[in-house]
Amino acid sequence: MAQLWGGRFTKATDQMVYDFNASISFDKRLYRQDIAGSLAHVKMLAKQGILTEKERDQIIAGLEGILADVENGTLAITSEYEDIHSFVEANLTERIGEAGKKLHTGRSRNDQVALDMRMYVRDAVKETDRLVKELLKVLYRIMEENLDTFMPGFTHLQKAQPVTLAHHIGAYFEMFKRDRSRLADIYKRMNYCPLGAGALAGTTYPLDRDYTAELLGFDGPTMNSMDSVSDRDYVIEYLSALSTIMMHLSRFSEEIIIWNSNEYRFVEIDDAYSTGSSIMPQKKNPDIAELVRGKTGRVYASLMGILTTMKGIPLAYNKDMQEDKEGTFDAIDTVNACLPLFTGMLDTMKFNKDVMEASAKNGFTNATDVADYLVSHGVPFRDAHGISGRLVLRCIAENKALDDLSLAEFREESEAFEEDIYEAISMKTCVEKRLTKGAPGEAAMREALEIYKKYLESDH
Ligand code: ARG
């Protein structure tokens, strides 16, 4: 039991209480942030004349030694300490003696942990953004290669109108692009330094909070010391963004699972990203997509967890807030594992273009275009809708596509049909005519790709 307090106690902590209270088992992953925060803090203390330069240099050397030893594996972070802050401070004092005891001047573990968590989440936001960008690059490549890969667009999971694979993938491009802009937003809002807030009411030492904030790469210090130690909004916002990313990945996974099914065969997931069955030799299962879909639940759970933890906490710091960590770490690990796996699966996936196109044709996705053709030949839309519907009914009975009807068969329903009907309802025409901004027509899609290209080339 190594703890940073005890002066006012006459009895040792009960072991069960100690274990229940300790956070080292999970906050040990904050060691880098904790040490970086302490380094900035002592530099500021020395600049303000609160520590001597000698003390500062001793502490810096000690902290750097601890960091190096943890990283090279010679110093283990064990449950002998209550939390990561106690671990660092105890080790520092062990190494450098008296000066180590001055590290915590003008600081509380409340502003310290608020800083550590903020820096950890700040790094995680950047990493998530990088991984989403990698996914977007693969989506872009698939779009570029499939501007004329026709497939059915669905509503109600029923074939609706023809689109292209590029257009379908483009919908996901938009979703993940929004995810990145959410992350950028969160980063901007959270990038303020809580250190110097003390336990809740600032300190009596002449701290230079602007300087500490600058050293740690923040846009400035936070403005209210009570809010500084009790704010976990950025955790909630980040978990909400992660939940949305997972929701997008999950929807995409669901589509891939459907497309990869024996019935659809739109895609084939690469062997390297598939798994087999222990009993059924023929099986090749889309486990990665299923796991991504499944893991969405635990990321939502982390968001619900922290929202619920925070809802009843009076100002300022309360121990409840220690519960912000495990769920957040789990969500970060989950999303940061799902994103590259999903990207790899997508990058190696084979698209069965002929199956997709045949499915679009056989699903009467050009029935609207048959009606539109009639309208352009003077038939009122409501009549045209009826004629096209009767032709579809006939095709269903005869098990063929609209394109397979002879001109005579078309004309049995309406004299307005001419030889050019085939051209008018070919998949190519049906898609190419859809040229409104954001539509699947090739010209419209090329315009979108041009914008996406510039977006991917830019830094953010
Ligand atoms: N382990 C604590 C946490 O994660 C650190 C802050 C402790 N502060 C305190 N006053 N007990 O929240």
# chains A, B, ... in the order shown; residues from 1 in each chain; ligands from 1
$ residues_around --residues "stretch 101-111 of chain A" --least-positions-apart "4" --cutoff "7 Å" --atoms "only C-alpha atoms" --output "PyMOL selection string"
chain A and resi 42+93+115+194-199+203+205+229+317
$ residues_near_ligand --ligand "ligand 1" --cutoff "6 Å" --atoms "only C-alpha atoms and all ligand atoms" --output "ChimeraX atom specification"
/A:23,83,109-110,113,319,321-322
$ residues_around --residues "A:Trp5" --least-positions-apart "2" --cutoff "12 Å" --atoms "only C-alpha atoms" --output "list in words"
Met1, Ala2, Gln3, Gly7, Arg8, Phe9, Thr10, Ala12, Thr13, Tyr81, Glu82, Ser86, Ala90, Ser108 and Arg109 of chain A
$ residues_around --residues "stretch 390-399 of chain A" --least-positions-apart "4" --cutoff "8 Å" --atoms "only C-alpha atoms" --output "list of chain:residue names"
A:Phe364, A:Ala367, A:Gly386, A:Leu405, A:Phe410, A:Glu413
$ write_last_selection --atoms "C-alpha atoms" --output "PDB file, in the first residue's frame"
ATOM      1  CA  PHE A 364     -36.673  -4.233 -62.350  1.00  0.00           C
ATOM      2  CA  ALA A 367     -39.156   0.183 -64.064  1.00  0.00           C
ATOM      3  CA  GLY A 386     -49.614   1.499 -64.534  1.00  0.00           C
ATOM      4  CA  LEU A 405     -39.224  -8.102 -73.625  1.00  0.00           C
ATOM      5  CA  PHE A 410     -43.821  -3.691 -75.051  1.00  0.00           C
ATOM      6  CA  GLU A 413     -49.162  -2.441 -73.340  1.00  0.00           C
TER       7      GLU A 413
END
$ select_by_dssp --residues "stretch 249-285 of chain A" --states "helix (DSSP H, G or I)" --output "list in words"
Leu249, Ser250, Arg251, Phe252, Ser253, Glu254, Glu255, Ile256, Ile257, Ile258, Trp259, Asp271, Ala272 and Tyr273 of chain A
$ write_last_selection --atoms "N, CA and C atoms" --output "mmCIF file, in the first residue's frame"
data_model
loop_
_atom_site.group_PDB
_atom_site.id
_atom_site.type_symbol
_atom_site.label_atom_id
_atom_site.label_comp_id
_atom_site.auth_asym_id
_atom_site.auth_seq_id
_atom_site.Cartn_x
_atom_site.Cartn_y
_atom_site.Cartn_z
ATOM 1 N N LEU A 249 -19.713 1.857 -39.058
ATOM 2 C CA LEU A 249 -19.002 0.611 -39.393
ATOM 3 C C LEU A 249 -19.954 -0.580 -39.316
ATOM 4 N N SER A 250 -20.866 -0.513 -38.361
ATOM 5 C CA SER A 250 -21.796 -1.619 -38.159
ATOM 6 C C SER A 250 -22.791 -1.725 -39.327
ATOM 7 N N ARG A 251 -23.277 -0.592 -39.784
ATOM 8 C CA ARG A 251 -24.192 -0.610 -40.937
ATOM 9 C C ARG A 251 -23.470 -1.157 -42.166
ATOM 10 N N PHE A 252 -22.257 -0.696 -42.338
ATOM 11 C CA PHE A 252 -21.451 -1.140 -43.483
ATOM 12 C C PHE A 252 -21.193 -2.646 -43.360
ATOM 13 N N SER A 253 -20.873 -3.089 -42.149
ATOM 14 C CA SER A 253 -20.634 -4.519 -41.916
ATOM 15 C C SER A 253 -21.871 -5.325 -42.281
ATOM 16 N N GLU A 254 -23.003 -4.829 -41.850
ATOM 17 C CA GLU A 254 -24.267 -5.518 -42.135
ATOM 18 C C GLU A 254 -24.450 -5.674 -43.652
ATOM 19 N N GLU A 255 -24.149 -4.631 -44.395
ATOM 20 C CA GLU A 255 -24.291 -4.707 -45.853
ATOM 21 C C GLU A 255 -23.310 -5.720 -46.443
ATOM 22 N N ILE A 256 -22.093 -5.689 -45.915
ATOM 23 C CA ILE A 256 -21.080 -6.611 -46.440
ATOM 24 C C ILE A 256 -21.486 -8.055 -46.135
ATOM 25 N N ILE A 257 -22.036 -8.279 -44.973
ATOM 26 C CA ILE A 257 -22.482 -9.633 -44.612
ATOM 27 C C ILE A 257 -23.582 -10.084 -45.581
ATOM 28 N N ILE A 258 -24.504 -9.174 -45.875
ATOM 29 C CA ILE A 258 -25.578 -9.508 -46.828
ATOM 30 C C ILE A 258 -24.978 -9.733 -48.219
ATOM 31 N N TRP A 259 -24.125 -8.842 -48.653
ATOM 32 C CA TRP A 259 -23.534 -8.934 -49.998
ATOM 33 C C TRP A 259 -22.671 -10.190 -50.156
ATOM 34 N N ASP A 271 -9.851 -14.515 -48.359
ATOM 35 C CA ASP A 271 -9.579 -15.625 -47.425
ATOM 36 C C ASP A 271 -8.889 -15.130 -46.150
ATOM 37 N N ALA A 272 -7.989 -14.176 -46.341
ATOM 38 C CA ALA A 272 -7.227 -13.676 -45.183
ATOM 39 C C ALA A 272 -8.122 -12.981 -44.153
ATOM 40 N N TYR A 273 -9.291 -12.559 -44.575
ATOM 41 C CA TYR A 273 -10.209 -11.862 -43.664
ATOM 42 C C TYR A 273 -11.472 -12.673 -43.378
#
$ atom_distance --atom1 "atom CA of A:Leu67" --atom2 "atom CA of A:Tyr120"
15.8 Å
$ select_by_dssp --residues "stretch 217-395 of chain A" --states "strand (DSSP E or B)" --output "list in words"
Pro221, Val267, Glu268, Thr275, Asn285, Lys350 and Phe351 of chain A
$ decode --residues "stretch 44-77 of chain A" --atoms "N, CA, C and O atoms" --output "PDB file, in the first residue's frame"
ATOM      1  N   MET A  44       7.366  25.181 -15.038  1.00  0.00           N
ATOM      2  CA  MET A  44       6.615  26.402 -14.696  1.00  0.00           C
ATOM      3  C   MET A  44       6.939  26.843 -13.259  1.00  0.00           C
ATOM      4  O   MET A  44       7.181  28.033 -12.998  1.00  0.00           O
ATOM      5  N   LEU A  45       6.991  25.886 -12.331  1.00  0.00           N
ATOM      6  CA  LEU A  45       7.271  26.234 -10.925  1.00  0.00           C
ATOM      7  C   LEU A  45       8.627  26.926 -10.798  1.00  0.00           C
ATOM      8  O   LEU A  45       8.779  27.914 -10.069  1.00  0.00           O
ATOM      9  N   ALA A  46       9.614  26.443 -11.557  1.00  0.00           N
ATOM     10  CA  ALA A  46      10.956  27.042 -11.485  1.00  0.00           C
ATOM     11  C   ALA A  46      10.941  28.425 -12.125  1.00  0.00           C
ATOM     12  O   ALA A  46      11.545  29.379 -11.603  1.00  0.00           O
ATOM     13  N   LYS A  47      10.241  28.543 -13.248  1.00  0.00           N
ATOM     14  CA  LYS A  47      10.160  29.850 -13.914  1.00  0.00           C
ATOM     15  C   LYS A  47       9.555  30.900 -12.971  1.00  0.00           C
ATOM     16  O   LYS A  47       9.954  32.056 -12.966  1.00  0.00           O
ATOM     17  N   GLN A  48       8.639  30.455 -12.139  1.00  0.00           N
ATOM     18  CA  GLN A  48       7.948  31.372 -11.217  1.00  0.00           C
ATOM     19  C   GLN A  48       8.705  31.541  -9.897  1.00  0.00           C
ATOM     20  O   GLN A  48       8.206  32.187  -8.979  1.00  0.00           O
ATOM     21  N   GLY A  49       9.859  30.897  -9.804  1.00  0.00           N
ATOM     22  CA  GLY A  49      10.648  31.013  -8.575  1.00  0.00           C
ATOM     23  C   GLY A  49      10.109  30.198  -7.416  1.00  0.00           C
ATOM     24  O   GLY A  49      10.515  30.380  -6.271  1.00  0.00           O
ATOM     25  N   ILE A  50       9.199  29.281  -7.688  1.00  0.00           N
ATOM     26  CA  ILE A  50       8.629  28.462  -6.609  1.00  0.00           C
ATOM     27  C   ILE A  50       9.559  27.284  -6.314  1.00  0.00           C
ATOM     28  O   ILE A  50       9.641  26.805  -5.196  1.00  0.00           O
ATOM     29  N   LEU A  51      10.284  26.831  -7.322  1.00  0.00           N
ATOM     30  CA  LEU A  51      11.335  25.824  -7.147  1.00  0.00           C
ATOM     31  C   LEU A  51      12.643  26.441  -7.635  1.00  0.00           C
ATOM     32  O   LEU A  51      12.626  27.336  -8.481  1.00  0.00           O
ATOM     33  N   THR A  52      13.752  25.959  -7.100  1.00  0.00           N
ATOM     34  CA  THR A  52      15.036  26.448  -7.614  1.00  0.00           C
ATOM     35  C   THR A  52      15.341  25.730  -8.925  1.00  0.00           C
ATOM     36  O   THR A  52      14.756  24.672  -9.223  1.00  0.00           O
ATOM     37  N   GLU A  53      16.275  26.275  -9.689  1.00  0.00           N
ATOM     38  CA  GLU A  53      16.650  25.631 -10.957  1.00  0.00           C
ATOM     39  C   GLU A  53      17.265  24.267 -10.699  1.00  0.00           C
ATOM     40  O   GLU A  53      17.081  23.330 -11.477  1.00  0.00           O
ATOM     41  N   LYS A  54      17.964  24.169  -9.587  1.00  0.00           N
ATOM     42  CA  LYS A  54      18.604  22.896  -9.242  1.00  0.00           C
ATOM     43  C   LYS A  54      17.528  21.833  -8.974  1.00  0.00           C
ATOM     44  O   LYS A  54      17.598  20.705  -9.467  1.00  0.00           O
ATOM     45  N   GLU A  55      16.545  22.237  -8.181  1.00  0.00           N
ATOM     46  CA  GLU A  55      15.454  21.293  -7.884  1.00  0.00           C
ATOM     47  C   GLU A  55      14.743  20.883  -9.174  1.00  0.00           C
ATOM     48  O   GLU A  55      14.421  19.725  -9.396  1.00  0.00           O
ATOM     49  N   ARG A  56      14.487  21.880 -10.010  1.00  0.00           N
ATOM     50  CA  ARG A  56      13.837  21.599 -11.292  1.00  0.00           C
ATOM     51  C   ARG A  56      14.639  20.562 -12.082  1.00  0.00           C
ATOM     52  O   ARG A  56      14.096  19.566 -12.551  1.00  0.00           O
ATOM     53  N   ASP A  57      15.947  20.792 -12.192  1.00  0.00           N
ATOM     54  CA  ASP A  57      16.759  19.888 -13.005  1.00  0.00           C
ATOM     55  C   ASP A  57      16.803  18.482 -12.418  1.00  0.00           C
ATOM     56  O   ASP A  57      16.783  17.494 -13.145  1.00  0.00           O
ATOM     57  N   GLN A  58      16.848  18.423 -11.099  1.00  0.00           N
ATOM     58  CA  GLN A  58      16.847  17.095 -10.444  1.00  0.00           C
ATOM     59  C   GLN A  58      15.530  16.366 -10.746  1.00  0.00           C
ATOM     60  O   GLN A  58      15.528  15.180 -11.082  1.00  0.00           O
ATOM     61  N   ILE A  59      14.435  17.108 -10.614  1.00  0.00           N
ATOM     62  CA  ILE A  59      13.122  16.483 -10.845  1.00  0.00           C
ATOM     63  C   ILE A  59      12.983  16.047 -12.303  1.00  0.00           C
ATOM     64  O   ILE A  59      12.525  14.939 -12.595  1.00  0.00           O
ATOM     65  N   ILE A  60      13.427  16.928 -13.206  1.00  0.00           N
ATOM     66  CA  ILE A  60      13.328  16.577 -14.635  1.00  0.00           C
ATOM     67  C   ILE A  60      14.124  15.302 -14.928  1.00  0.00           C
ATOM     68  O   ILE A  60      13.625  14.372 -15.568  1.00  0.00           O
ATOM     69  N   ALA A  61      15.342  15.248 -14.422  1.00  0.00           N
ATOM     70  CA  ALA A  61      16.173  14.067 -14.674  1.00  0.00           C
ATOM     71  C   ALA A  61      15.499  12.827 -14.084  1.00  0.00           C
ATOM     72  O   ALA A  61      15.469  11.760 -14.713  1.00  0.00           O
ATOM     73  N   GLY A  62      14.943  12.970 -12.891  1.00  0.00           N
ATOM     74  CA  GLY A  62      14.273  11.846 -12.240  1.00  0.00           C
ATOM     75  C   GLY A  62      13.076  11.365 -13.051  1.00  0.00           C
ATOM     76  O   GLY A  62      12.903  10.164 -13.291  1.00  0.00           O
ATOM     77  N   LEU A  63      12.264  12.318 -13.490  1.00  0.00           N
ATOM     78  CA  LEU A  63      11.058  11.953 -14.254  1.00  0.00           C
ATOM     79  C   LEU A  63      11.442  11.303 -15.587  1.00  0.00           C
ATOM     80  O   LEU A  63      10.834  10.312 -16.012  1.00  0.00           O
ATOM     81  N   GLU A  64      12.457  11.860 -16.226  1.00  0.00           N
ATOM     82  CA  GLU A  64      12.883  11.285 -17.507  1.00  0.00           C
ATOM     83  C   GLU A  64      13.427   9.874 -17.315  1.00  0.00           C
ATOM     84  O   GLU A  64      13.216   8.995 -18.160  1.00  0.00           O
ATOM     85  N   GLY A  65      14.104   9.670 -16.180  1.00  0.00           N
ATOM     86  CA  GLY A  65      14.613   8.332 -15.871  1.00  0.00           C
ATOM     87  C   GLY A  65      13.468   7.346 -15.670  1.00  0.00           C
ATOM     88  O   GLY A  65      13.503   6.218 -16.169  1.00  0.00           O
ATOM     89  N   ILE A  66      12.438   7.774 -14.966  1.00  0.00           N
ATOM     90  CA  ILE A  66      11.276   6.898 -14.725  1.00  0.00           C
ATOM     91  C   ILE A  66      10.632   6.537 -16.060  1.00  0.00           C
ATOM     92  O   ILE A  66      10.354   5.366 -16.343  1.00  0.00           O
ATOM     93  N   LEU A  67      10.443   7.548 -16.907  1.00  0.00           N
ATOM     94  CA  LEU A  67       9.824   7.303 -18.217  1.00  0.00           C
ATOM     95  C   LEU A  67      10.642   6.285 -19.020  1.00  0.00           C
ATOM     96  O   LEU A  67      10.094   5.309 -19.543  1.00  0.00           O
ATOM     97  N   ALA A  68      11.952   6.506 -19.073  1.00  0.00           N
ATOM     98  CA  ALA A  68      12.813   5.603 -19.848  1.00  0.00           C
ATOM     99  C   ALA A  68      12.729   4.188 -19.296  1.00  0.00           C
ATOM    100  O   ALA A  68      12.614   3.215 -20.058  1.00  0.00           O
ATOM    101  N   ASP A  69      12.764   4.055 -17.963  1.00  0.00           N
ATOM    102  CA  ASP A  69      12.763   2.721 -17.360  1.00  0.00           C
ATOM    103  C   ASP A  69      11.426   2.007 -17.544  1.00  0.00           C
ATOM    104  O   ASP A  69      11.384   0.786 -17.704  1.00  0.00           O
ATOM    105  N   VAL A  70      10.343   2.773 -17.516  1.00  0.00           N
ATOM    106  CA  VAL A  70       9.033   2.138 -17.762  1.00  0.00           C
ATOM    107  C   VAL A  70       8.994   1.656 -19.214  1.00  0.00           C
ATOM    108  O   VAL A  70       8.596   0.537 -19.504  1.00  0.00           O
ATOM    109  N   GLU A  71       9.455   2.505 -20.122  1.00  0.00           N
ATOM    110  CA  GLU A  71       9.403   2.158 -21.552  1.00  0.00           C
ATOM    111  C   GLU A  71      10.310   0.980 -21.891  1.00  0.00           C
ATOM    112  O   GLU A  71       9.955   0.160 -22.721  1.00  0.00           O
ATOM    113  N   ASN A  72      11.488   0.910 -21.252  1.00  0.00           N
ATOM    114  CA  ASN A  72      12.371  -0.211 -21.599  1.00  0.00           C
ATOM    115  C   ASN A  72      12.110  -1.453 -20.746  1.00  0.00           C
ATOM    116  O   ASN A  72      12.827  -2.444 -20.854  1.00  0.00           O
ATOM    117  N   GLY A  73      11.095  -1.359 -19.906  1.00  0.00           N
ATOM    118  CA  GLY A  73      10.653  -2.563 -19.196  1.00  0.00           C
ATOM    119  C   GLY A  73      11.395  -2.869 -17.908  1.00  0.00           C
ATOM    120  O   GLY A  73      11.140  -3.891 -17.279  1.00  0.00           O
ATOM    121  N   THR A  74      12.307  -1.990 -17.471  1.00  0.00           N
ATOM    122  CA  THR A  74      13.038  -2.284 -16.233  1.00  0.00           C
ATOM    123  C   THR A  74      12.280  -1.814 -14.991  1.00  0.00           C
ATOM    124  O   THR A  74      12.587  -2.204 -13.877  1.00  0.00           O
ATOM    125  N   LEU A  75      11.292  -0.938 -15.211  1.00  0.00           N
ATOM    126  CA  LEU A  75      10.484  -0.478 -14.077  1.00  0.00           C
ATOM    127  C   LEU A  75       9.019  -0.847 -14.334  1.00  0.00           C
ATOM    128  O   LEU A  75       8.416  -0.354 -15.291  1.00  0.00           O
ATOM    129  N   ALA A  76       8.502  -1.737 -13.484  1.00  0.00           N
ATOM    130  CA  ALA A  76       7.118  -2.191 -13.683  1.00  0.00           C
ATOM    131  C   ALA A  76       6.169  -1.331 -12.848  1.00  0.00           C
ATOM    132  O   ALA A  76       6.494  -0.932 -11.724  1.00  0.00           O
ATOM    133  N   ILE A  77       5.015  -1.033 -13.436  1.00  0.00           N
ATOM    134  CA  ILE A  77       3.999  -0.284 -12.686  1.00  0.00           C
ATOM    135  C   ILE A  77       3.123  -1.327 -11.989  1.00  0.00           C
ATOM    136  O   ILE A  77       2.351  -2.028 -12.633  1.00  0.00           O
TER     137      ILE A  77
END
